[in-house]
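Asks: Below is the structure I would like to discuss, written out as structure tokens.
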Amino acid sequence: MKKDYSEVKDSAFRSNHLLEEMNAVQVRKNINKKSVAVIVLGACENHGDHMPFGSDFIFPMELAKRIAKKSEKKNIIILPAIPYGVSLHHNEFQMTMSLEPRTLELVIQDLVESVIRNGIRRILVINGHDGNIAPIESAARTCKDRHPDTVIACLEAWWVSVGEITHGIFEVWGGLGHGGEAETSTMLAVRPDLVNMEFAPKEVIPKLPSDKIRIYWKFNELTDTGATGAAKKATAQKGEAAIRALEKILISFISDMDKNDWRYGLSSK
Ligand SMILES: [Zn+2]
């Protein structure tokens, strides 16, 4: 039998949106079929001498927390971040922890299935690492086929989008690069204690023949520092501007989807 908590103060039911920190009462009170489950994916790998190995989930998790706090939507639920990703292309660098693509695909599938089993049909993935993009898509296609009434959305590559949406704040290569100008700037904004700019590596813009044809390179074929881009150009101010732009995109996506009850295309009104 469920206990009667009617005498308990309202604040006890409030949640900070993080599943890992909620108790069962908060879960019962805050999660329903209008909830949006946020899945954060990262990696554990070298990001140059100046950035932490957990960069690819530390920043997206921070982004998820910020949008949950700022969004008017009360029932955003952030699942614990997955700290490992597909980092086979970084294996030559010390202490790369990598999953095989099929392992990550199954992990994502299992999580999505768990979310669906709990009645949540609205899933937003925030990805922090390039190697995860293919497994996310494979898992999402499989789950969508099994559960057509579920919406699975993903911010696949914030580090690419951010150069396009910040109107020239980044000086080199649109901010791109692994541990480059944008990644270092956002980390300086959210966890400056984890960035050591004294170790920021020299600028490396990989020489590749075409931006239309993709080469499946190993990262050590492109850089000997573990990083690319222009880390030395990074600042916390650029990072804050980048975060505001990303927050805006995510928050307006959620509120636009809410307006249409998470229908789109032919099923939207
Ligand atoms: Zn990465």
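FYI, nothing fancy with the structure tokens labels: chains A, B, ... in order, residues from 1 per chain, ligands from 1 as they appear.
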To check your reading of the model: which residues sit at most 8 Å from ligand 1 when counting only C-alpha atoms and all ligand atoms? Write the answer as an MDAnalysis selection string.
Replies: chainID A and resid 42:45 47 55:56 87 128:131 178
Asks: Write out as a list in words which residues come within 10 Å of Val125 of chain A when counting only C-alpha atoms, dropping same-chain ones fewer than 3 positions away.
Replies: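 With the cut-off at 10 Å, the set is Ala37, Val38, Ile39, Val40, Leu41, Pro60, Ala64, Ile78, Ile108, Gly128, Ile136, Ala140, Ile152, Ala153, Cys154, Leu155 and Glu156 of chain A.
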Asks: Select, from A:Asn196, A:Ile126, A:Asp4, A:Glu203, the residue with the minimum atom-to-atom distance to Glu62 of chain A, counting only C-alpha atoms.
Replies: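 Of the candidates, the smallest distance to Glu62 of chain A is held by A:Ile126.
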Asks: Can you list every residue in segment 82-252 of chain A that DSSP puts in alpha helix (DSSP H), as a PyMOL selection string?
Replies: chain A and resi 101-117+133-146+158-165+181-190+236-252
Asks: Kindly export the residues of the current selection with C-alpha atoms, as a PDB file, in the first residue's frame.
Replies:
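Wrote it out as again01.pdb, contents follow:
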ATOM      1  CA  PRO A 101      29.491   0.232 -32.126  1.00  0.00           C
ATOM      2  CA  ARG A 102      27.138  -2.726 -31.680  1.00  0.00           C
ATOM      3  CA  THR A 103      27.556  -2.586 -27.890  1.00  0.00           C
ATOM      4  CA  LEU A 104      26.562   1.067 -27.759  1.00  0.00           C
ATOM      5  CA  GLU A 105      23.701   0.473 -30.179  1.00  0.00           C
ATOM      6  CA  LEU A 106      22.319  -2.195 -27.815  1.00  0.00           C
ATOM      7  CA  VAL A 107      22.834  -0.020 -24.737  1.00  0.00           C
ATOM      8  CA  ILE A 108      20.844   2.797 -26.366  1.00  0.00           C
ATOM      9  CA  GLN A 109      18.146   0.366 -27.506  1.00  0.00           C
ATOM     10  CA  ASP A 110      17.849  -1.088 -24.004  1.00  0.00           C
ATOM     11  CA  LEU A 111      17.555   2.380 -22.447  1.00  0.00           C
ATOM     12  CA  VAL A 112      14.937   3.507 -24.950  1.00  0.00           C
ATOM     13  CA  GLU A 113      12.979   0.284 -24.308  1.00  0.00           C
ATOM     14  CA  SER A 114      13.185   0.941 -20.546  1.00  0.00           C
ATOM     15  CA  VAL A 115      11.900   4.476 -20.983  1.00  0.00           C
ATOM     16  CA  ILE A 116       9.028   3.248 -23.175  1.00  0.00           C
ATOM     17  CA  ARG A 117       8.165   0.505 -20.673  1.00  0.00           C
ATOM     18  CA  ILE A 133      26.250   9.197 -34.131  1.00  0.00           C
ATOM     19  CA  ALA A 134      25.974   6.002 -36.207  1.00  0.00           C
ATOM     20  CA  PRO A 135      24.962   3.721 -33.268  1.00  0.00           C
ATOM     21  CA  ILE A 136      22.398   6.315 -32.109  1.00  0.00           C
ATOM     22  CA  GLU A 137      20.807   6.335 -35.539  1.00  0.00           C
ATOM     23  CA  SER A 138      20.764   2.524 -35.810  1.00  0.00           C
ATOM     24  CA  ALA A 139      19.242   2.158 -32.338  1.00  0.00           C
ATOM     25  CA  ALA A 140      16.671   4.902 -32.960  1.00  0.00           C
ATOM     26  CA  ARG A 141      15.586   3.364 -36.282  1.00  0.00           C
ATOM     27  CA  THR A 142      15.111  -0.048 -34.656  1.00  0.00           C
ATOM     28  CA  CYS A 143      13.166   1.350 -31.672  1.00  0.00           C
ATOM     29  CA  LYS A 144      11.035   3.607 -33.864  1.00  0.00           C
ATOM     30  CA  ASP A 145      10.099   0.631 -36.024  1.00  0.00           C
ATOM     31  CA  ARG A 146       9.054  -1.343 -32.935  1.00  0.00           C
ATOM     32  CA  TRP A 158      26.397  20.237 -31.138  1.00  0.00           C
ATOM     33  CA  TRP A 159      30.037  21.021 -31.936  1.00  0.00           C
ATOM     34  CA  VAL A 160      29.129  21.418 -35.613  1.00  0.00           C
ATOM     35  CA  SER A 161      25.788  23.184 -35.026  1.00  0.00           C
ATOM     36  CA  VAL A 162      27.319  25.663 -32.635  1.00  0.00           C
ATOM     37  CA  GLY A 163      29.552  27.242 -35.290  1.00  0.00           C
ATOM     38  CA  GLU A 164      26.508  27.712 -37.532  1.00  0.00           C
ATOM     39  CA  ILE A 165      24.267  29.285 -34.879  1.00  0.00           C
ATOM     40  CA  GLU A 181      37.992  26.402 -29.903  1.00  0.00           C
ATOM     41  CA  ALA A 182      34.286  25.602 -29.263  1.00  0.00           C
ATOM     42  CA  GLU A 183      34.767  22.518 -27.069  1.00  0.00           C
ATOM     43  CA  THR A 184      37.413  24.239 -24.961  1.00  0.00           C
ATOM     44  CA  SER A 185      35.322  27.422 -24.684  1.00  0.00           C
ATOM     45  CA  THR A 186      32.202  25.579 -23.499  1.00  0.00           C
ATOM     46  CA  MET A 187      34.226  23.618 -20.950  1.00  0.00           C
ATOM     47  CA  LEU A 188      35.812  26.889 -19.737  1.00  0.00           C
ATOM     48  CA  ALA A 189      32.262  28.159 -19.251  1.00  0.00           C
ATOM     49  CA  VAL A 190      30.886  25.166 -17.325  1.00  0.00           C
ATOM     50  CA  ALA A 236      34.710  31.333 -21.284  1.00  0.00           C
ATOM     51  CA  GLN A 237      32.794  34.247 -22.889  1.00  0.00           C
ATOM     52  CA  LYS A 238      32.653  32.421 -26.231  1.00  0.00           C
ATOM     53  CA  GLY A 239      31.583  29.321 -24.327  1.00  0.00           C
ATOM     54  CA  GLU A 240      28.715  31.149 -22.591  1.00  0.00           C
ATOM     55  CA  ALA A 241      27.504  32.536 -25.931  1.00  0.00           C
ATOM     56  CA  ALA A 242      27.650  29.041 -27.442  1.00  0.00           C
ATOM     57  CA  ILE A 243      25.695  27.563 -24.533  1.00  0.00           C
ATOM     58  CA  ARG A 244      23.001  30.245 -24.799  1.00  0.00           C
ATOM     59  CA  ALA A 245      22.593  29.478 -28.514  1.00  0.00           C
ATOM     60  CA  LEU A 246      22.355  25.724 -27.883  1.00  0.00           C
ATOM     61  CA  GLU A 247      19.922  26.203 -24.988  1.00  0.00           C
ATOM     62  CA  LYS A 248      17.705  28.300 -27.208  1.00  0.00           C
ATOM     63  CA  ILE A 249      17.559  25.588 -29.868  1.00  0.00           C
ATOM     64  CA  LEU A 250      16.792  22.812 -27.385  1.00  0.00           C
ATOM     65  CA  ILE A 251      14.243  24.776 -25.351  1.00  0.00           C
ATOM     66  CA  SER A 252      12.368  25.967 -28.420  1.00  0.00           C
TER      67      SER A 252
END
Asks: Pick out the closest residue to Ser35 of chain A from this set: A:Val151, A:Ala81, A:Ala157, A:Ala200. Count only C-alpha atoms.
Replies: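 Distance minimum relative to Ser35 of chain A lands on A:Val151.
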Asks: Out of segment 19-231 of chain A, which residues get strand (DSSP E or B) from DSSP, as a list of chain:residue names?
Replies: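 Assigned to strand (DSSP E or B), within segment 19-231 of chain A: A:Val36, A:Ala37, A:Val38, A:Ile39, A:Val40, A:Leu41, A:Cys44, A:Ile76, A:Ile77, A:Ile78, A:Ile82, A:Gly85, A:Met97, A:Ser98, A:Arg122, A:Ile123, A:Leu124, A:Val125, A:Ile126, A:Asn127, A:Val151, A:Ile152, A:Ala153, A:Cys154, A:Leu155, A:Val204, A:Gly229.
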Asks: Store the residues of this selection in a file with C-alpha atoms, as a tab-separated table (two decimals), in the first residue's frame.
Replies:
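Dumped to part-v5.tsv:
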chain	number	residue	atom	x	y	z
A	36	VAL	CA	10.46	14.03	-21.89
A	37	ALA	CA	13.32	11.64	-21.16
A	38	VAL	CA	16.74	13.09	-21.92
A	39	ILE	CA	19.52	10.62	-22.71
A	40	VAL	CA	23.05	12.03	-22.58
A	41	LEU	CA	25.79	10.19	-24.45
A	44	CYS	CA	36.00	8.68	-22.21
A	76	ILE	CA	11.89	16.76	-18.07
A	77	ILE	CA	13.73	13.75	-16.72
A	78	ILE	CA	17.46	13.43	-17.32
A	82	ILE	CA	26.49	7.22	-20.44
A	85	GLY	CA	31.14	5.83	-26.36
A	97	MET	CA	37.84	3.56	-23.11
A	98	SER	CA	35.86	2.42	-26.11
A	122	ARG	CA	9.12	11.43	-25.83
A	123	ILE	CA	12.85	10.97	-25.96
A	124	LEU	CA	15.54	13.55	-26.57
A	125	VAL	CA	19.14	12.43	-26.99
A	126	ILE	CA	21.95	14.91	-26.42
A	127	ASN	CA	25.12	13.48	-27.90
A	151	VAL	CA	9.28	10.21	-30.80
A	152	ILE	CA	13.06	9.93	-30.68
A	153	ALA	CA	14.95	13.15	-31.38
A	154	CYS	CA	18.66	13.88	-31.16
A	155	LEU	CA	21.06	16.79	-31.05
A	204	VAL	CA	45.81	21.76	-36.00
A	229	GLY	CA	41.19	23.06	-33.96
Asks: Of the candidates A:Lys29, A:Lys218, A:Lys232, A:Lys74, which one gets nearest to Ile254 of chain A if we count only C-alpha atoms?
Replies: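 Of A:Lys29, A:Lys218, A:Lys232, A:Lys74, the one nearest Ile254 of chain A is A:Lys74, counting only C-alpha atoms.
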Asks: Report, in Å to a single decimal, how far apart atom CA of Asn32 of chain A and atom CA of Arg121 of chain A are.
Replies: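 Rounded to one decimal, the two atoms are 10.0 Å apart.
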Asks: Smallest atom-to-atom distance to Thr228 of chain A: which of A:Val195, A:Leu63, A:Leu176, A:Ile58, using only C-alpha atoms?
Replies: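 Closest to Thr228 of chain A, using only C-alpha atoms: A:Leu176.
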Asks: Between A:Val172, A:Leu208, A:Ala230, A:Met95, which is the closest to Asn46 of chain A once you count only C-alpha atoms?
Replies: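 When distances to Asn46 of chain A are compared using only C-alpha atoms, the smallest one comes from A:Met95.
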Asks: Please compute the atom CA of Gly119 of chain A-atom CA of Trp262 of chain A distance, one decimal, in Å.
Replies: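 Here the two named atoms are 14.4 Å from each other.
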Asks: Quick one: pull the distance between atom CA of Glu221 of chain A and atom CA of Phe93 of chain A, Å, one decimal.
Replies: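 Between atom CA of Glu221 of chain A and atom CA of Phe93 of chain A the gap is 11.6 Å.
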Asks: In terms of the shortest atom-to-atom distance over only C-alpha atoms, which of A:Thr150, A:Lys207, A:Leu194, A:Ala231 is closest to Gly175 of chain A?
Replies: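 The shortest atom-to-atom distance to Gly175 of chain A comes from A:Ala231.
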